[in-house]
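Asker: The following block contains the structure, expressed as structure tokens.
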Amino acid sequence: MDIKRAFKRSTFKRFRQNLYQWLQTESLISNSLAVIVGVFTGLVIAFYGTLLELSHQLFFATNTEGTGYILILVPALGGLIVGLIVHFLIRTRRYDIEEVIEATALKGGKMSPRSAFLEVLASAVSIGSGGSVGKEAPVVLAGSGVGSSLAQLLRIHGNRVKILVGCGASGGIAAAYNAPLAGVVFVVEVILGELEARTFIPIVISAVFATLVASVVFDVKTIEVASYSFVNPVYESILYLGLGILAGVVSVLLMRTLFGVHGFFDSLNVHPVIKPAIGGLFVGIAGFFYPQIFGVGYDVISAALNNQLVMELMLILIFLKIIAFSFTMGSGGSGGSIVPALFVGAMLGGAYGSVVHGMFPGMTAESGAYALVGMGAVFAGTSRAPLASILILFELTQDYSMILPVMLACVVSNLVSSSLNSESIFTEGLHRRGFTIRKGREIDIMESLLVRDAMKHNVQTVSENKNVGALIALMQSSRHAGFPVLDPNGKLCGIVTLKDVRDKVVHDELDKTINEICSKEVEIAYPDENLNTVLKRLAAKDIGRLPVVSRSDRTKLLGIITRSDIVKLYDKKILDKVQRLQKESTYSESE
């Protein structure tokens, strides 16, 4: 009886210890936090949808057809309120998707939730008053603010902060557009710039829960679109290729107009509060004659997709939307660029489709099919995120019949736009401030630092003749998960990791030699290689460390470099660069 009781106690104790260890694992903690971020992001986005409706009713409470020229002043009034919010409440740090990228790439995910949420409020005013912008930047900010707030509340540090910010951003896109796949891919392609299991899984979880919560609170309507398909795959492929080229050119026109107007307002010698009002006045004048440019413009996009707009109007709206969007954002308004890009793409594709369908009626689909393809193509050209462009388009429309032409046009537009303008609409501002972000890293710093700057010279090694038992003891005492393997002459002959032990050793084979289980084909690094090259090699092989060897002798071990070594040095250099640029900016302003 005592033996049975003792066995039960022992079993229960082991179960409790195993449960405790499981609860302490990094993946469970990150995934649990992702659920919390997703739920709260869904609630925030639902509230934001209600706020947008109230803002629109407040600014357009009367019948706009009877208001006459007063309509011109509505966006200006909204711009004035935005200027007041920014100047007196936000004051210093403004937030957009650009700043979320900066926070994750340069600041370890650290954001000001207060400024982010105030920016969301400003965007509701801007959109509600007719500002010609989209709502995706505010929802990304709302979600990122939730993630950053949770990180600060729980005093979380390190890479987990970036993960929570990414979770909030994906949840924001997913909840606002009922597009969880697009939300995940957008964050991976645009914000984090990397695809790793430790970041990807929490982002997916957050997007799912945000979408579920938002769907329960309010019903997200997709854009209604007629069903289209290839009429003549051979000839139409050529036509869609042409549309992709045009979309790439228009994408660059949109970006250059935006940053040109932005530069104009930066140099304009008026009070900052007034600038958004001036931009709103320009939007009001254009909107008085063509009210289709006001606000987000889903109804206009839907009309283009369903062949309800004439070619002449669509051609005019291409340029008016670019101008209105640029004046709204460039003057200091608040909002996003995705939906304006979709709007411009729909008008471009619709006009292009009207021309080709008129010329080749028996071989082409109606103009709405080309409007659908144009939407994705212009977004791909401005964002440099072709996969996210494809997914958000189909999750918005729920129509997958045109996937081949959309993929073709998005890729071509991305290539054309990249060749004409090196930066995307989300990174151009960072580039103008001295930062070149690629795949979540500041590329100039990564390419200026060498392996010798980050490597460890004192390396723990193991002999190929030692047995696995000795290796396991060394791993437990050193807390390292991998070691270079040396032959009797002290030459590098392999590398052995914890994975090798798990995959090639069973419990009764501790006498096996390390030579029998180590990897003989070793990925290596040289001291004079830059860190960007080495980081790509680590990512391509999905490994965490590289032995550093002499170029003249690949078996001569000089040191070892790990992913964490690279990240630590990168973070230090980024901090130095940010502080230096801030000092230079302060000095130039004082002059």
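Numbering starts fresh at 1 for the residues of each chain in the structure tokens, the chains themselves are lettered A, B, ... in the order given, and ligands are numbered from 1 as they appear.
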DSSP on the backbone: what in range 248-281 of chain A comes out alpha helix (DSSP H), as a list of chain:residue names?
Answerer: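 Taking range 248-281 of chain A and keeping alpha helix (DSSP H) only, one gets A:Gly248, A:Val249, A:Val250, A:Ser251, A:Val252, A:Leu253, A:Leu254, A:Met255, A:Arg256, A:Thr257, A:Leu258, A:Phe259, A:Gly260, A:Val261, A:His262, A:Gly263, A:Phe264, A:Phe265, A:Asp266, A:Ser267, A:Lys275, A:Pro276, A:Ala277, A:Ile278, A:Gly279, A:Gly280, A:Leu281.
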Asker: Write a file of the selected residues as a compact mmCIF listing (two decimals), in the first residue's frame, keeping N, CA and C atoms.
Answerer:
# COMPACT_ATOMS: atom_id res chain seq x y z
N GLY A 248 3.11 49.82 -62.03
CA GLY A 248 4.39 50.14 -61.42
C GLY A 248 4.76 51.60 -61.58
N VAL A 249 4.51 52.14 -62.77
CA VAL A 249 4.80 53.55 -63.03
C VAL A 249 3.90 54.45 -62.19
N VAL A 250 2.60 54.13 -62.14
CA VAL A 250 1.64 54.93 -61.36
C VAL A 250 1.97 54.84 -59.87
N SER A 251 2.45 53.68 -59.42
CA SER A 251 2.84 53.53 -58.01
C SER A 251 3.93 54.53 -57.64
N VAL A 252 4.92 54.64 -58.52
CA VAL A 252 6.02 55.58 -58.28
C VAL A 252 5.51 57.02 -58.33
N LEU A 253 4.59 57.31 -59.26
CA LEU A 253 4.00 58.64 -59.33
C LEU A 253 3.28 58.99 -58.03
N LEU A 254 2.55 58.03 -57.48
CA LEU A 254 1.83 58.24 -56.23
C LEU A 254 2.81 58.55 -55.10
N MET A 255 3.88 57.75 -55.00
CA MET A 255 4.85 57.94 -53.91
C MET A 255 5.58 59.28 -54.05
N ARG A 256 6.01 59.60 -55.26
CA ARG A 256 6.77 60.84 -55.44
C ARG A 256 5.90 62.07 -55.23
N THR A 257 4.64 61.98 -55.61
CA THR A 257 3.72 63.09 -55.35
C THR A 257 3.53 63.28 -53.86
N LEU A 258 3.32 62.17 -53.15
CA LEU A 258 3.13 62.24 -51.69
C LEU A 258 4.32 62.90 -51.01
N PHE A 259 5.53 62.44 -51.30
CA PHE A 259 6.69 62.97 -50.60
C PHE A 259 7.09 64.34 -51.12
N GLY A 260 6.71 64.66 -52.37
CA GLY A 260 6.91 66.01 -52.86
C GLY A 260 6.04 67.00 -52.12
N VAL A 261 4.76 66.66 -51.93
CA VAL A 261 3.85 67.52 -51.18
C VAL A 261 4.29 67.60 -49.71
N HIS A 262 4.75 66.47 -49.19
CA HIS A 262 5.24 66.45 -47.81
C HIS A 262 6.39 67.43 -47.64
N GLY A 263 7.33 67.43 -48.61
CA GLY A 263 8.45 68.36 -48.55
C GLY A 263 8.01 69.81 -48.66
N PHE A 264 6.98 70.06 -49.49
CA PHE A 264 6.46 71.41 -49.64
C PHE A 264 5.90 71.93 -48.32
N PHE A 265 5.11 71.10 -47.63
CA PHE A 265 4.52 71.55 -46.37
C PHE A 265 5.56 71.65 -45.26
N ASP A 266 6.62 70.83 -45.32
CA ASP A 266 7.69 70.96 -44.34
C ASP A 266 8.39 72.31 -44.45
N SER A 267 8.50 72.79 -45.68
CA SER A 267 9.18 74.08 -45.90
C SER A 267 8.24 75.27 -45.78
N LYS A 275 -1.32 73.75 -41.06
CA LYS A 275 -0.94 72.98 -42.24
C LYS A 275 -1.97 71.92 -42.64
N PRO A 276 -2.46 71.07 -41.72
CA PRO A 276 -3.48 70.09 -42.13
C PRO A 276 -4.76 70.74 -42.64
N ALA A 277 -5.08 71.92 -42.12
CA ALA A 277 -6.27 72.62 -42.59
C ALA A 277 -6.08 73.09 -44.03
N ILE A 278 -4.86 73.56 -44.37
CA ILE A 278 -4.58 73.97 -45.76
C ILE A 278 -4.70 72.76 -46.69
N GLY A 279 -4.12 71.65 -46.27
CA GLY A 279 -4.25 70.43 -47.07
C GLY A 279 -5.70 70.01 -47.23
N GLY A 280 -6.47 70.12 -46.15
CA GLY A 280 -7.90 69.79 -46.20
C GLY A 280 -8.66 70.70 -47.13
N LEU A 281 -8.25 71.96 -47.21
CA LEU A 281 -8.92 72.90 -48.11
C LEU A 281 -8.73 72.48 -49.56
Asker: For Ala34 in chain A, work out the shell of residues within 9 Å, counting only C-alpha atoms and skipping chain neighbours fewer than 2 positions away, then give it as a PyMOL selection string.
Answerer: chain A and resi 29-32+36-39+147+163-164+167-168+201-207+209
Asker: Could the residues in this selection be saved with C-alpha atoms as a compact mmCIF listing (two decimals), in the first residue's frame?
Answerer:
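Now in result.txt:
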# COMPACT_ATOMS: atom_id res chain seq x y z
CA ILE A 29 4.24 32.48 -23.00
CA SER A 30 4.45 34.17 -26.41
CA ASN A 31 1.36 32.38 -27.72
CA SER A 32 -0.66 33.17 -24.59
CA ILE A 36 -4.52 38.52 -25.20
CA VAL A 37 -3.24 41.00 -27.78
CA GLY A 38 -5.58 39.55 -30.44
CA VAL A 39 -8.66 39.78 -28.21
CA GLY A 147 0.89 45.06 -28.01
CA ILE A 163 6.65 40.01 -31.35
CA LEU A 164 3.81 41.66 -29.39
CA CYS A 167 0.87 40.57 -33.12
CA GLY A 168 -1.07 43.79 -32.65
CA ILE A 201 3.04 31.49 -34.84
CA PRO A 202 2.10 34.24 -32.31
CA ILE A 203 1.28 36.62 -35.17
CA VAL A 204 -1.07 34.03 -36.70
CA ILE A 205 -2.74 33.40 -33.33
CA SER A 206 -3.27 37.12 -32.73
CA ALA A 207 -4.76 37.63 -36.21
CA PHE A 209 -8.45 35.95 -32.31
Asker: Just want the 10 Å neighbourhood of Ser424 in chain A, counted on only C-alpha atoms, with same-chain residues fewer than 4 positions away dropped. Output as a list in words.
Answerer: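 Selected residues are Val190, Ser251, Val252, Met255, Ala380, Gly381, Thr382, Ser383, Arg384, Ala385, Asn414, Ser417, Ser418, Glu428, Gly429 and His431 of chain A.
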Asker: Restricting it to N, CA and C atoms, dump the selection as a PDB file, in the first residue's frame.
Answerer:
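What ended up in again19.pdb:
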ATOM      1  N   VAL A 190       6.181  43.528 -44.494  1.00  0.00           N
ATOM      2  CA  VAL A 190       6.379  44.980 -44.397  1.00  0.00           C
ATOM      3  C   VAL A 190       7.006  45.400 -43.072  1.00  0.00           C
ATOM      4  N   SER A 251       2.446  53.683 -59.419  1.00  0.00           N
ATOM      5  CA  SER A 251       2.838  53.534 -58.014  1.00  0.00           C
ATOM      6  C   SER A 251       3.935  54.528 -57.644  1.00  0.00           C
ATOM      7  N   VAL A 252       4.921  54.637 -58.519  1.00  0.00           N
ATOM      8  CA  VAL A 252       6.016  55.581 -58.277  1.00  0.00           C
ATOM      9  C   VAL A 252       5.508  57.019 -58.332  1.00  0.00           C
ATOM     10  N   MET A 255       3.882  57.752 -55.004  1.00  0.00           N
ATOM     11  CA  MET A 255       4.848  57.942 -53.914  1.00  0.00           C
ATOM     12  C   MET A 255       5.578  59.276 -54.048  1.00  0.00           C
ATOM     13  N   ALA A 380       0.857  46.592 -54.673  1.00  0.00           N
ATOM     14  CA  ALA A 380       2.142  45.884 -54.674  1.00  0.00           C
ATOM     15  C   ALA A 380       3.282  46.830 -55.027  1.00  0.00           C
ATOM     16  N   GLY A 381       3.030  47.741 -55.971  1.00  0.00           N
ATOM     17  CA  GLY A 381       4.069  48.677 -56.384  1.00  0.00           C
ATOM     18  C   GLY A 381       4.433  49.683 -55.307  1.00  0.00           C
ATOM     19  N   THR A 382       3.476  50.095 -54.499  1.00  0.00           N
ATOM     20  CA  THR A 382       3.763  51.077 -53.453  1.00  0.00           C
ATOM     21  C   THR A 382       4.295  50.420 -52.187  1.00  0.00           C
ATOM     22  N   SER A 383       3.826  49.228 -51.866  1.00  0.00           N
ATOM     23  CA  SER A 383       4.183  48.592 -50.601  1.00  0.00           C
ATOM     24  C   SER A 383       5.394  47.675 -50.699  1.00  0.00           C
ATOM     25  N   ARG A 384       5.708  47.194 -51.923  1.00  0.00           N
ATOM     26  CA  ARG A 384       6.742  46.179 -52.151  1.00  0.00           C
ATOM     27  C   ARG A 384       6.419  44.912 -51.366  1.00  0.00           C
ATOM     28  N   ALA A 385       5.135  44.632 -51.247  1.00  0.00           N
ATOM     29  CA  ALA A 385       4.678  43.429 -50.555  1.00  0.00           C
ATOM     30  C   ALA A 385       3.684  42.705 -51.469  1.00  0.00           C
ATOM     31  N   ASN A 414       5.623  45.316 -58.998  1.00  0.00           N
ATOM     32  CA  ASN A 414       6.648  45.374 -57.962  1.00  0.00           C
ATOM     33  C   ASN A 414       8.036  45.546 -58.569  1.00  0.00           C
ATOM     34  N   SER A 417       8.292  49.163 -60.198  1.00  0.00           N
ATOM     35  CA  SER A 417       8.369  50.183 -59.152  1.00  0.00           C
ATOM     36  C   SER A 417       9.727  50.155 -58.453  1.00  0.00           C
ATOM     37  N   SER A 418      10.234  48.951 -58.159  1.00  0.00           N
ATOM     38  CA  SER A 418      11.529  48.805 -57.482  1.00  0.00           C
ATOM     39  C   SER A 418      12.661  49.367 -58.326  1.00  0.00           C
ATOM     40  N   GLU A 428      10.315  55.044 -47.439  1.00  0.00           N
ATOM     41  CA  GLU A 428      10.909  56.235 -48.061  1.00  0.00           C
ATOM     42  C   GLU A 428      11.222  57.300 -47.017  1.00  0.00           C
ATOM     43  N   GLY A 429      10.297  57.531 -46.098  1.00  0.00           N
ATOM     44  CA  GLY A 429      10.531  58.533 -45.060  1.00  0.00           C
ATOM     45  C   GLY A 429      11.717  58.177 -44.178  1.00  0.00           C
ATOM     46  N   HIS A 431      14.254  56.355 -45.096  1.00  0.00           N
ATOM     47  CA  HIS A 431      15.448  56.522 -45.929  1.00  0.00           C
ATOM     48  C   HIS A 431      15.870  57.989 -45.977  1.00  0.00           C
TER      49      HIS A 431
END
Asker: For each of A:Val184, A:Leu246, A:Ile472, A:Val213, take the minimum atom-to-atom distance to Thr199 in chain A, counting only C-alpha atoms, then give the residue where this is smallest.
Answerer: A:Val184
Asker: So, counting only C-alpha atoms, which residue among A:Gly345, A:Gly362, A:Gly244, A:Gly130 is closest to Met407 in chain A?
Answerer: A:Gly244
